[in-house]
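The structure appears below as structure tokens.
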Amino acid sequence: MSPRSDPEFFDAKYRADPDPWNFDTDWYEIRKRKLLMALLPRPRYHAALEPGCANGHITLALAQRCDRVVATDIAPRALELARARCRDHANIVMQRWALGEAWCWADTFDLVVVSEVAYYLPALALRSAIEDMAAHLSIGTIVVLSHWRHDEKDHHLNGDRANQITLSALPHQPVAGYLDDDVRIDVVTVRP
Ligand SMILES: C[S@@+](CC[C@H](N)C(=O)[O-])C[C@H]1O[C@@H](n2cnc3c(N)ncnc32)[C@H](O)[C@@H]1O
């Protein structure tokens, strides 16, 4: 398999299996979500953006801490599954949008969660996507980057590189972080 960025690849994965990364049961996934949520520095946020929301596990956790969550994915089937998981939460909006596409919100976000998605973009495309995002974020927005560190055949980048490229394209100050053999989580605040 070679690195993939196309929506058809991800949509086919969800059509073959509604939980293609074992988000429901895999200890790495369950623990990562808890680490990520615990690293958020503020108790509450006004509006969160979550690109690559998959079938909605992190979305659901964010909905407890945010007045509004905009959850997006490149794969329409992922959004159907996320909608079903989050159906009781009126503060979640699901939208088909891919990191790398033109920014399309007038909203101001005070939290952006980029988890296990940046490594699906080639380095130059990721840099350009983050530069565009940075141009639309307010000073003080919290940005969380959380990525599996190992090389994978369908990833353009490993997690360390994905976080490094993202941080180099985003004017920021570090807030918190977590590192082990498997996952790297960087929490930063946007600065001028
Ligand atoms: C490994 S899952 C990560 C799910 C979740 N964010 C997490 O950390 O558990 C990757 C998700 O990103 C989606 N995806 C891949 N490329 C994307 C892109 N450029 N923009 C938005 N979503 C994308 C896939 O469809 C898939 O649902």
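A note on labels: chains of the structure tokens are A, B, ... as shown, every chain counts residues from 1, and ligands are counted from 1 in their shown order.
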
| request: Check the DSSP output for the backbone and give back, as a PyMOL selection string, the residues of range 24-175 of chain A in strand (DSSP E or B). | output: chain A and resi 45-51+66-73+92-96+99+101+111-115+142-148+172-175

Under the rule of at most 6 Å, produce a per-residue listing of chain A near ligand 1: chain, number, name, the closest pair of atoms, and the distance in Å, as a tab-separated table, using only C-alpha atoms and all ligand atoms.
residue	atom	partner	partner_atom_place_in_ligand_line	distance
A:Ser5	CA	ligand 1	16 (N)	5.7
A:Phe10	CA	ligand 1	25 (O)	4.6
A:Pro51	CA	ligand 1	21 (C)	4.9
A:Gly52	CA	ligand 1	22 (N)	3.4
A:Cys53	CA	ligand 1	6 (N)	4.6
A:Ala54	CA	ligand 1	27 (O)	3.3
A:Asp73	CA	ligand 1	22 (N)	3.9
A:Ile74	CA	ligand 1	22 (N)	4.2
A:Ala75	CA	ligand 1	25 (O)	4.7
A:Ala78	CA	ligand 1	27 (O)	5.8
A:Ala98	CA	ligand 1	20 (N)	3.2
A:Leu99	CA	ligand 1	20 (N)	3.8
A:Gly100	CA	ligand 1	19 (N)	5.9
A:Ser115	CA	ligand 1	8 (O)	4.0
A:Glu116	CA	ligand 1	8 (O)	4.5
A:Val117	CA	ligand 1	12 (O)	4.7
A:Tyr120	CA	ligand 1	16 (N)	5.3

| Where does DSSP see alpha helix (DSSP H) in range 65-166 of chain A, if you list the residues as number ranges by chain? | A: 65, 76-85, 123-136, 159-166

Store the residues of this selection in a file with C-alpha atoms, as a compact mmCIF listing (two decimals), in the first residue's frame.
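See out_21.txt below for the written result:
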# COMPACT_ATOMS: atom_id res chain seq x y z
CA ARG A 65 -16.51 20.62 27.26
CA PRO A 76 -19.06 10.86 4.06
CA ARG A 77 -19.60 7.43 5.68
CA ALA A 78 -17.54 8.47 8.71
CA LEU A 79 -19.83 11.47 9.14
CA GLU A 80 -22.94 9.26 8.99
CA LEU A 81 -21.47 7.10 11.78
CA ALA A 82 -20.44 10.16 13.80
CA ARG A 83 -23.93 11.65 13.41
CA ALA A 84 -25.45 8.45 14.80
CA ARG A 85 -23.07 8.40 17.79
CA ALA A 123 4.55 17.48 3.80
CA LEU A 124 4.04 20.43 1.44
CA ALA A 125 0.26 20.06 1.44
CA LEU A 126 0.21 19.85 5.24
CA ARG A 127 2.32 22.99 5.57
CA SER A 128 0.03 24.87 3.21
CA ALA A 129 -3.12 23.61 5.00
CA ILE A 130 -1.77 24.72 8.39
CA GLU A 131 -0.67 28.12 7.06
CA ASP A 132 -4.21 28.65 5.78
CA MET A 133 -5.65 27.51 9.13
CA ALA A 134 -3.26 29.80 11.03
CA ALA A 135 -4.43 32.76 8.97
CA HIS A 136 -7.99 32.11 10.20
CA GLY A 159 3.48 11.40 13.87
CA ASP A 160 6.62 13.25 14.97
CA ARG A 161 7.07 14.74 11.50
CA ALA A 162 3.37 15.60 11.21
CA ASN A 163 3.48 17.51 14.49
CA GLN A 164 6.81 19.20 13.61
CA ILE A 165 5.57 20.41 10.22
CA THR A 166 2.32 21.63 11.75

| All residues 6 Å or closer to Met94 in chain A, only C-alpha atoms, same chain fewer than 6 positions away omitted, as number ranges by chain | A: 70-72

Emit the selected residues as a PDB file, in the first residue's frame, including all heavy atoms.
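And here's selection_21.pdb as it stands now:
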ATOM      1  N   VAL A  70     -17.633  21.782  15.762  1.00  0.00           N
ATOM      2  CA  VAL A  70     -17.749  21.555  14.324  1.00  0.00           C
ATOM      3  C   VAL A  70     -16.823  20.386  14.003  1.00  0.00           C
ATOM      4  O   VAL A  70     -15.597  20.502  14.129  1.00  0.00           O
ATOM      5  CB  VAL A  70     -17.363  22.810  13.513  1.00  0.00           C
ATOM      6  CG1 VAL A  70     -17.431  22.507  12.019  1.00  0.00           C
ATOM      7  CG2 VAL A  70     -18.286  23.981  13.874  1.00  0.00           C
ATOM      8  N   ALA A  71     -17.426  19.260  13.648  1.00  0.00           N
ATOM      9  CA  ALA A  71     -16.665  18.032  13.401  1.00  0.00           C
ATOM     10  C   ALA A  71     -16.698  17.735  11.912  1.00  0.00           C
ATOM     11  O   ALA A  71     -17.778  17.705  11.308  1.00  0.00           O
ATOM     12  CB  ALA A  71     -17.282  16.878  14.182  1.00  0.00           C
ATOM     13  N   THR A  72     -15.529  17.525  11.332  1.00  0.00           N
ATOM     14  CA  THR A  72     -15.476  17.299   9.887  1.00  0.00           C
ATOM     15  C   THR A  72     -14.704  16.029   9.576  1.00  0.00           C
ATOM     16  O   THR A  72     -13.867  15.592  10.356  1.00  0.00           O
ATOM     17  CB  THR A  72     -14.795  18.469   9.139  1.00  0.00           C
ATOM     18  OG1 THR A  72     -13.390  18.204   8.996  1.00  0.00           O
ATOM     19  CG2 THR A  72     -14.998  19.808   9.835  1.00  0.00           C
TER      20      THR A  72
END

| query | Using only C-alpha atoms, which of the listed residues (A:His150, A:His155, A:Arg184, A:His89) sits closest to Ala118 in chain A? | reply | A:His155

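Rounded to one decimal, CA of Lys32 in chain A and CA of Thr59 in chain A lie 13.6 Å from each other.
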